[in-house]
file input_4.csv (CSV, C-alpha atoms)
chain,number,residue,atom,x,y,z
A,1357,MET,CA,19.3,16.9,22.7
A,1358,SER,CA,19.9,19.1,19.6
A,1359,SER,CA,17.4,21.8,18.8
A,1360,GLU,CA,17.6,20.8,15.1
A,1361,PRO,CA,15.1,18.1,14.2
A,1362,VAL,CA,16.2,15.0,12.5
A,1363,LEU,CA,12.8,14.8,10.9
A,1364,SER,CA,10.4,17.6,9.9
A,1365,LEU,CA,7.0,17.6,8.2
A,1366,ARG,CA,5.4,21.0,7.5
A,1367,THR,CA,1.8,21.3,6.2
A,1368,VAL,CA,2.1,17.8,4.7
A,1369,THR,CA,-0.9,16.6,2.7
A,1370,ALA,CA,-1.6,13.2,1.0
A,1371,GLU,CA,-4.3,11.5,-0.9
A,1372,LEU,CA,-5.1,7.8,-1.4
A,1373,GLY,CA,-7.5,6.9,-4.2
A,1374,GLY,CA,-8.4,10.5,-4.6
A,1375,ARG,CA,-9.5,10.8,-1.0
A,1376,PRO,CA,-7.7,13.3,1.3
A,1377,VAL,CA,-5.9,11.4,4.1
A,1378,LEU,CA,-3.5,14.0,5.5
A,1379,ARG,CA,-4.8,17.5,5.7
A,1380,GLY,CA,-1.7,19.7,6.4
A,1381,ILE,CA,0.1,18.0,9.3
A,1382,ASP,CA,3.1,19.5,11.1
A,1383,LEU,CA,5.4,17.0,12.9
A,1384,THR,CA,9.0,17.1,14.1
A,1385,VAL,CA,11.3,14.6,15.8
A,1386,GLY,CA,14.3,16.1,17.6
A,1387,ARG,CA,17.7,14.4,18.0
A,1388,GLY,CA,17.4,11.7,20.6
A,1389,GLU,CA,13.7,12.2,20.9
A,1390,VAL,CA,11.0,9.4,21.0
A,1391,VAL,CA,7.7,10.4,19.4
A,1392,ALA,CA,4.6,8.3,19.4
A,1393,LEU,CA,2.1,8.8,16.6
A,1394,LEU,CA,-1.4,7.9,17.9
A,1395,GLY,CA,-4.9,7.9,16.7
A,1396,ALA,CA,-7.8,5.8,15.5
A,1397,ASN,CA,-7.7,3.5,12.5
A,1398,GLY,CA,-8.1,5.7,9.4
A,1399,SER,CA,-6.7,8.8,11.1
A,1400,GLY,CA,-3.7,8.9,8.8
A,1401,LYS,CA,-0.9,7.5,11.0
A,1402,SER,CA,0.5,4.9,8.6
A,1403,THR,CA,0.0,7.2,5.7
A,1404,ALA,CA,2.1,9.8,7.4
A,1405,ILE,CA,4.9,7.2,7.9
A,1406,ARG,CA,4.7,6.2,4.3
A,1407,THR,CA,5.0,9.7,3.1
A,1408,ILE,CA,8.3,10.1,5.0
A,1409,VAL,CA,9.9,7.0,3.4
A,1410,GLY,CA,8.5,8.0,-0.1
A,1411,GLN,CA,5.9,5.3,-0.5
A,1412,VAL,CA,3.0,7.8,-0.8
A,1413,PRO,CA,3.3,11.1,-2.8
A,1414,ALA,CA,2.9,14.1,-0.5
A,1415,GLY,CA,2.4,17.8,-0.7
A,1416,GLY,CA,4.1,20.2,1.8
A,1417,ALA,CA,7.7,19.9,3.0
A,1418,ILE,CA,9.4,16.8,4.4
A,1419,GLU,CA,13.1,17.0,5.6
A,1420,LEU,CA,15.4,14.3,6.9
A,1421,PHE,CA,18.5,15.6,8.8
A,1422,GLY,CA,17.9,19.0,7.3
A,1423,THR,CA,17.7,17.8,3.7
A,1424,PRO,CA,14.5,17.8,1.6
A,1425,ARG,CA,13.3,14.2,1.3
A,1426,HIS,CA,13.5,14.3,-2.5
A,1427,ALA,CA,17.2,15.1,-2.3
A,1428,PHE,CA,18.0,12.8,0.6
A,1429,ARG,CA,20.2,9.9,-0.3
A,1430,ASP,CA,21.8,8.6,3.0
A,1431,TRP,CA,19.0,6.1,3.8
A,1432,ALA,CA,21.5,4.1,5.9
A,1433,ARG,CA,20.8,6.7,8.6
A,1434,VAL,CA,17.1,5.7,8.7
A,1435,GLY,CA,15.8,2.4,9.9
A,1436,TYR,CA,12.2,1.6,8.7
A,1437,VAL,CA,10.0,-1.1,10.2
A,1438,PRO,CA,6.7,-1.4,8.2
A,1439,GLN,CA,3.5,-2.8,9.5
A,1440,ARG,CA,3.8,-6.4,10.5
A,1441,THR,CA,4.1,-8.6,7.4
A,1442,THR,CA,5.7,-11.9,6.6
A,1443,ALA,CA,9.4,-11.0,6.8
A,1444,ALA,CA,10.4,-12.9,3.7
A,1445,GLY,CA,7.5,-11.6,1.6
A,1446,GLY,CA,6.7,-15.2,0.5
A,1447,VAL,CA,10.3,-15.8,-0.7
A,1448,PRO,CA,12.2,-18.7,1.0
A,1449,ALA,CA,14.9,-17.2,3.2
A,1450,THR,CA,16.7,-17.6,6.5
A,1451,VAL,CA,16.6,-15.1,9.3
A,1452,THR,CA,20.2,-14.1,8.6
A,1453,GLU,CA,19.4,-13.5,4.9
A,1454,ILE,CA,16.5,-11.2,5.7
A,1455,VAL,CA,18.5,-9.2,8.3
A,1456,SER,CA,21.5,-9.1,5.9
A,1457,SER,CA,19.4,-7.4,3.2
A,1458,GLY,CA,19.0,-4.4,5.5
A,1459,ARG,CA,22.8,-4.0,5.6
A,1460,LEU,CA,23.2,-3.5,1.8
A,1461,ALA,CA,22.8,0.3,2.3
A,1462,ARG,CA,26.1,0.3,4.2
A,1463,SER,CA,28.0,-2.5,2.4
A,1464,ARG,CA,30.3,-1.3,-0.4
A,1465,PHE,CA,29.2,-2.5,-3.8
A,1466,GLY,CA,27.0,-5.1,-2.2
A,1467,VAL,CA,30.0,-7.1,-0.9
A,1468,PHE,CA,29.7,-8.2,2.7
A,1469,ARG,CA,32.8,-7.8,4.9
A,1470,ARG,CA,33.6,-8.8,8.4
A,1471,ALA,CA,32.1,-5.6,9.8
A,1472,ASP,CA,28.8,-6.3,7.9
A,1473,ARG,CA,28.6,-9.8,9.2
A,1474,ALA,CA,29.3,-8.6,12.7
A,1475,ALA,CA,26.5,-6.0,12.4
A,1476,VAL,CA,24.1,-8.7,11.4
A,1477,ARG,CA,25.0,-10.9,14.4
A,1478,HIS,CA,24.7,-7.9,16.7
A,1479,ALA,CA,21.3,-7.0,15.4
A,1480,LEU,CA,20.1,-10.5,15.9
A,1481,GLU,CA,21.5,-10.5,19.4
A,1482,LEU,CA,19.6,-7.3,20.2
A,1483,VAL,CA,16.2,-8.9,19.3
A,1484,ARG,CA,17.1,-12.2,21.0
A,1485,LEU,CA,17.2,-14.2,17.8
A,1486,ALA,CA,20.8,-15.1,17.5
A,1487,ASP,CA,19.9,-18.8,18.1
A,1488,ARG,CA,17.5,-18.7,15.1
A,1489,ALA,CA,20.0,-17.2,12.7
A,1490,GLY,CA,20.0,-20.1,10.3
A,1491,ASP,CA,16.3,-20.9,10.5
A,1492,ALA,CA,13.8,-20.3,7.8
A,1493,VAL,CA,11.7,-17.3,8.6
A,1494,ASP,CA,8.6,-19.4,7.7
A,1495,ALA,CA,9.3,-21.4,10.9
A,1496,LEU,CA,9.0,-18.3,13.2
A,1497,SER,CA,6.1,-17.1,15.2
A,1498,GLY,CA,4.4,-13.8,14.4
A,1499,GLY,CA,6.3,-12.0,17.2
A,1500,GLN,CA,9.6,-13.4,16.0
A,1501,HIS,CA,8.8,-12.3,12.4
A,1502,GLN,CA,8.4,-8.7,13.8
A,1503,ARG,CA,11.7,-9.0,15.6
A,1504,VAL,CA,13.4,-10.0,12.3
A,1505,LEU,CA,12.0,-6.9,10.7
A,1506,ILE,CA,13.3,-4.8,13.5
A,1507,ALA,CA,16.7,-6.4,13.3
A,1508,ARG,CA,16.7,-5.6,9.6
A,1509,ALA,CA,16.1,-2.0,10.4
A,1510,LEU,CA,18.8,-1.9,13.2
A,1511,VAL,CA,21.5,-3.6,11.1
A,1512,THR,CA,22.5,-0.3,9.5
A,1513,GLU,CA,23.0,1.3,13.0
A,1514,PRO,CA,20.4,4.0,12.1
A,1515,GLU,CA,20.2,7.5,13.7
A,1516,LEU,CA,16.5,7.6,13.1
A,1517,LEU,CA,14.1,4.7,13.6
A,1518,ILE,CA,10.7,4.9,11.9
A,1519,MET,CA,8.3,2.1,13.1
A,1520,ASP,CA,4.7,1.4,12.0
A,1521,GLU,CA,2.8,-0.4,14.7
A,1522,PRO,CA,5.7,-2.5,15.9
A,1523,MET,CA,3.7,-4.0,18.8
A,1524,ALA,CA,0.6,-4.9,16.8
A,1525,GLY,CA,-0.3,-8.6,17.1
A,1526,VAL,CA,2.9,-9.4,19.0
A,1527,ASP,CA,2.9,-11.7,22.0
A,1528,LEU,CA,3.9,-10.3,25.4
A,1529,ALA,CA,7.3,-11.9,25.4
A,1530,SER,CA,8.2,-10.3,22.1
A,1531,GLN,CA,6.8,-7.0,23.3
A,1532,GLU,CA,9.1,-7.0,26.2
A,1533,VAL,CA,12.1,-7.9,24.0
A,1534,LEU,CA,11.2,-5.0,21.6
A,1535,ALA,CA,10.8,-2.6,24.4
A,1536,ARG,CA,14.3,-3.5,25.8
A,1537,THR,CA,15.8,-3.3,22.3
A,1538,LEU,CA,14.3,0.1,21.7
A,1539,GLU,CA,15.5,1.4,25.0
A,1540,GLN,CA,19.0,0.4,24.1
A,1541,GLN,CA,18.8,2.3,20.8
A,1542,VAL,CA,17.5,5.4,22.5
A,1543,THR,CA,20.2,5.2,25.2
A,1544,ALA,CA,22.7,5.0,22.3
A,1545,GLY,CA,21.3,8.3,20.9
A,1546,ALA,CA,18.8,7.1,18.3
A,1547,SER,CA,15.7,9.2,17.5
A,1548,VAL,CA,12.4,7.3,17.1
A,1549,LEU,CA,9.0,7.9,15.5
A,1550,LEU,CA,6.6,5.1,15.9
A,1551,VAL,CA,2.9,4.5,15.3
A,1552,LEU,CA,1.1,2.9,18.2
A,1553,HIS,CA,-2.4,2.1,19.2
A,1554,GLU,CA,-1.4,2.3,22.9
A,1555,LEU,CA,1.8,3.0,24.6
A,1556,GLY,CA,2.0,-0.2,26.6
A,1557,PRO,CA,5.5,-1.3,27.6
A,1558,LEU,CA,7.0,1.6,25.6
A,1559,GLU,CA,5.4,4.3,27.7
A,1560,PRO,CA,8.5,5.1,29.8
A,1561,LEU,CA,10.4,5.8,26.6
A,1562,ILE,CA,8.0,8.3,25.0
A,1563,ASP,CA,8.9,12.0,25.1
A,1564,ARG,CA,6.0,13.3,23.0
A,1565,ALA,CA,2.6,12.0,21.8
A,1566,VAL,CA,1.2,13.3,18.5
A,1567,VAL,CA,-2.4,12.4,18.0
A,1568,LEU,CA,-4.0,12.5,14.6
A,1569,ARG,CA,-7.7,12.6,13.9
A,1570,ASP,CA,-9.1,12.8,10.3
A,1571,GLY,CA,-5.7,13.6,8.9
A,1572,ARG,CA,-5.0,16.5,11.3
A,1573,VAL,CA,-2.9,16.9,14.4
A,1574,VAL,CA,-5.2,17.4,17.4
A,1575,HIS,CA,-2.5,17.0,20.1
A,1576,ASP,CA,1.3,17.4,20.2
A,1577,GLY,CA,3.0,17.3,23.6
A,1578,PRO,CA,4.0,15.1,26.5
A,1579,PRO,CA,1.7,12.1,27.0
A,1580,ALA,CA,-0.6,12.7,29.9
A,1581,GLU,CA,-0.1,10.6,33.0
A,1582,ALA,CA,-1.4,7.2,32.2
A,1583,ALA,CA,-4.4,6.5,34.4
A,1584,GLY,CA,-5.0,2.8,34.0
A,1585,GLY,CA,-2.6,2.7,31.1
A,1586,HIS,CA,-4.5,5.0,28.8
A,1587,PRO,CA,-2.2,8.0,28.2
A,1588,LEU,CA,-3.9,10.3,25.7
A,1589,PRO,CA,-5.4,13.5,26.9
A,1590,GLY,CA,-9.2,13.6,27.0
A,1591,HIS,CA,-10.0,10.0,26.1
A,1592,ASP,CA,-10.4,6.6,27.6
A,1593,HIS,CA,-8.6,4.1,25.2
A,1594,VAL,CA,-6.7,3.8,22.0
A,1595,HIS,CA,-7.3,0.1,21.4
A,1596,PRO,CA,-7.8,-1.7,18.1
A,1597,HIS,CA,-10.1,-4.4,19.6
A,1598,ALA,CA,-13.4,-2.6,19.5
A,1599,GLY,CA,-15.1,0.1,17.5
A,1600,THR,CA,-17.1,2.4,19.9
A,1601,PRO,CA,-15.9,6.0,19.5
A,1602,THR,CA,-14.8,7.7,22.7
A,1603,ARG,CA,-15.4,11.4,23.5
A,1604,THR,CA,-12.3,12.4,21.4
A,1605,GLY,CA,-13.4,10.3,18.4
A,1606,LEU,CA,-10.6,7.8,19.0
A,1607,LEU,CA,-11.6,4.1,19.0
A,1608,ASN,CA,-12.4,2.4,22.2

call {"tool": "encode", "arguments": {"input": "input_4.csv", "output": "structure tokens"}}
result
Amino acid sequence: MSSEPVLSLRTVTAELGGRPVLRGIDLTVGRGEVVALLGANGSGKSTAIRTIVGQVPAGGAIELFGTPRHAFRDWARVGYVPQRTTAAGGVPATVTEIVSSGRLARSRFGVFRRADRAAVRHALELVRLADRAGDAVDALSGGQHQRVLIARALVTEPELLIMDEPMAGVDLASQEVLARTLEQQVTAGASVLLVLHELGPLEPLIDRAVVLRDGRVVHDGPPAEAAGGHPLPGHDHVHPHAGTPTRTGLLN
């Protein structure tokens, strides 16, 4: 693993609607490293992700592969999976069309060649959706929608994967497919930053856990041994299904 980070955030701040959401966070992802970004709803996890991809204005310094984000242009090196949404965004489209749209960053002048079509097929095979390639995305389940979004991110063969709650609302079968897919990417050398409510089936892949609370980093290090499947230090759960604060202020 290289000592030079593929992603670096230094004293990053952000506001939404005039309200501070990030209050000077530091975060790095090393080459080949898998980092889980954890915390309660409203802690700033998704905002941090959106600052990285330029969807939210930010103060501080953000670098991708050693280049300041404002000057970074090689976005084919970055695969981004947003929070679960309808893959087609309400536009009639097939699975292949949605995944192909992610390949445009690598295709020359928007013209698809044999290598581009092969990459689309391979991405669909990775997420176990090759048999649904010609289907309308509206015919898919929620878990399959998420797998389409992940295939769209993988089709550029990215070096850095940024994923915002890829397991949220996904059935167990799709969770297992996503875990295997991510394991393959990590084995091939990809770096990963992903927002999670709990580590779940991804726990064996996680190198570091970064915990946010009220827009600040309160823990950055190896996830503690998961007693009963709850890996964060000093708390009981990080689940989205109830609202009782635990002793660290994370949701139970």

call {"tool": "atom_distance", "arguments": {"input": "input_4.csv", "atom1": "atom CA of Val1377 of chain A", "atom2": "atom CA of Gly1400 of chain A"}}
result
5.8 Å

call {"tool": "residues_near_point", "arguments": {"input": "input_4.csv", "point": "(-0.2, 0.8, 15.7)", "cutoff": "10 Å", "atoms": "all atoms listed in the file", "output": "list in words"}}
result
Ala1392, Leu1393, Leu1394, Gly1395, Ala1396, Asn1397, Lys1401, Ser1402, Gln1439, Arg1440, Met1519, Asp1520, Glu1521, Pro1522, Met1523, Ala1524, Gly1525, Leu1550, Val1551, Leu1552, His1553, Glu1554, Leu1555, Val1594, His1595 and Pro1596 of chain A

call {"tool": "write_last_selection", "arguments": {"input": "input_4.csv", "atoms": "C-alpha atoms", "output": "JSON list (two decimals), in the frame of the given file"}}
result
[["chain", "number", "residue", "atom", "x", "y", "z"],
["A", 1392, "ALA", "CA", 4.60, 8.30, 19.40],
["A", 1393, "LEU", "CA", 2.10, 8.80, 16.60],
["A", 1394, "LEU", "CA", -1.40, 7.90, 17.90],
["A", 1395, "GLY", "CA", -4.90, 7.90, 16.70],
["A", 1396, "ALA", "CA", -7.80, 5.80, 15.50],
["A", 1397, "ASN", "CA", -7.70, 3.50, 12.50],
["A", 1401, "LYS", "CA", -0.90, 7.50, 11.00],
["A", 1402, "SER", "CA", 0.50, 4.90, 8.60],
["A", 1439, "GLN", "CA", 3.50, -2.80, 9.50],
["A", 1440, "ARG", "CA", 3.80, -6.40, 10.50],
["A", 1519, "MET", "CA", 8.30, 2.10, 13.10],
["A", 1520, "ASP", "CA", 4.70, 1.40, 12.00],
["A", 1521, "GLU", "CA", 2.80, -0.40, 14.70],
["A", 1522, "PRO", "CA", 5.70, -2.50, 15.90],
["A", 1523, "MET", "CA", 3.70, -4.00, 18.80],
["A", 1524, "ALA", "CA", 0.60, -4.90, 16.80],
["A", 1525, "GLY", "CA", -0.30, -8.60, 17.10],
["A", 1550, "LEU", "CA", 6.60, 5.10, 15.90],
["A", 1551, "VAL", "CA", 2.90, 4.50, 15.30],
["A", 1552, "LEU", "CA", 1.10, 2.90, 18.20],
["A", 1553, "HIS", "CA", -2.40, 2.10, 19.20],
["A", 1554, "GLU", "CA", -1.40, 2.30, 22.90],
["A", 1555, "LEU", "CA", 1.80, 3.00, 24.60],
["A", 1594, "VAL", "CA", -6.70, 3.80, 22.00],
["A", 1595, "HIS", "CA", -7.30, 0.10, 21.40],
["A", 1596, "PRO", "CA", -7.80, -1.70, 18.10]]

call {"tool": "atom_distance", "arguments": {"input": "input_4.csv", "atom1": "atom CA of Leu1420 of chain A", "atom2": "atom CA of Pro1361 of chain A"}}
result
8.2 Å

call {"tool": "closest_residue", "arguments": {"input": "input_4.csv", "among": "A:Thr1450, A:Ala1495, A:Arg1536, A:Thr1512", "to": "Val1483 of chain A", "atoms": "all atoms listed in the file"}}
result
A:Arg1536

call {"tool": "closest_residue", "arguments": {"input": "input_4.csv", "among": "A:Ala1507, A:Val1409, A:Ala1474, A:Glu1419", "to": "Ile1454 of chain A", "atoms": "only C-alpha atoms"}}
result
A:Ala1507

call {"tool": "atom_distance", "arguments": {"input": "input_4.csv", "atom1": "atom CA of Gly1415 of chain A", "atom2": "atom CA of Glu1515 of chain A"}}
result
25.1 Å

call {"tool": "residues_near_point", "arguments": {"input": "input_4.csv", "point": "(-8.2, 12.3, -1.6)", "cutoff": "12 Å", "atoms": "only C-alpha atoms", "output": "JSON, numbers by chain"}}
result
{"A": [1369, 1370, 1371, 1372, 1373, 1374, 1375, 1376, 1377, 1378, 1379, 1400, 1413, 1414, 1415, 1570, 1571]}

call {"tool": "residues_around", "arguments": {"input": "input_4.csv", "residues": "Leu1505 of chain A", "least_positions_apart": "5", "cutoff": "12 Å", "atoms": "all atoms listed in the file", "output": "VMD selection string"}}
result
chain A and resid 1435 to 1445 1451 to 1458 1479 to 1480 1483 1485 1493 1498 to 1500 1510 to 1511 1518 to 1523 1534

call {"tool": "residues_around", "arguments": {"input": "input_4.csv", "residues": "Leu1383 of chain A", "least_positions_apart": "2", "cutoff": "8 Å", "atoms": "only C-alpha atoms", "output": "ChimeraX atom specification"}}
result
/A:1363-1366,1381,1385,1566

call {"tool": "write_last_selection", "arguments": {"input": "input_4.csv", "atoms": "C-alpha atoms", "output": "CSV table (one decimal), keeping the file's coordinate frame"}}
result
chain,number,residue,atom,x,y,z
A,1363,LEU,CA,12.8,14.8,10.9
A,1364,SER,CA,10.4,17.6,9.9
A,1365,LEU,CA,7.0,17.6,8.2
A,1366,ARG,CA,5.4,21.0,7.5
A,1381,ILE,CA,0.1,18.0,9.3
A,1385,VAL,CA,11.3,14.6,15.8
A,1566,VAL,CA,1.2,13.3,18.5

call {"tool": "closest_residue", "arguments": {"input": "input_4.csv", "among": "A:Thr1367, A:Thr1543, A:Ala1535, A:Ile1408", "to": "Val1573 of chain A", "atoms": "only C-alpha atoms"}}
result
A:Thr1367

call {"tool": "closest_residue", "arguments": {"input": "input_4.csv", "among": "A:Gly1380, A:Gly1545, A:Gly1410, A:Gly1388", "to": "Arg1564 of chain A", "atoms": "all atoms listed in the file"}}
result
A:Gly1388

call {"tool": "residues_around", "arguments": {"input": "input_4.csv", "residues": "Leu1482 of chain A", "least_positions_apart": "6", "cutoff": "12 Å", "atoms": "only C-alpha atoms", "output": "ChimeraX atom specification"}}
result
/A:1475-1476,1503-1504,1506-1511,1513,1530,1533-1541

call {"tool": "residues_around", "arguments": {"input": "input_4.csv", "residues": "Val1548 of chain A", "least_positions_apart": "3", "cutoff": "6 Å", "atoms": "all atoms listed in the file", "output": "PyMOL selection string"}}
result
chain A and resi 1390+1516-1518

call {"tool": "closest_residue", "arguments": {"input": "input_4.csv", "among": "A:Leu1558, A:Ala1544, A:Leu1460, A:Ala1449", "to": "Glu1532 of chain A", "atoms": "only C-alpha atoms"}}
result
A:Leu1558

call {"tool": "closest_residue", "arguments": {"input": "input_4.csv", "among": "A:Asp1472, A:Asp1563, A:Asp1430, A:Glu1481", "to": "Gly1386 of chain A", "atoms": "only C-alpha atoms"}}
result
A:Asp1563
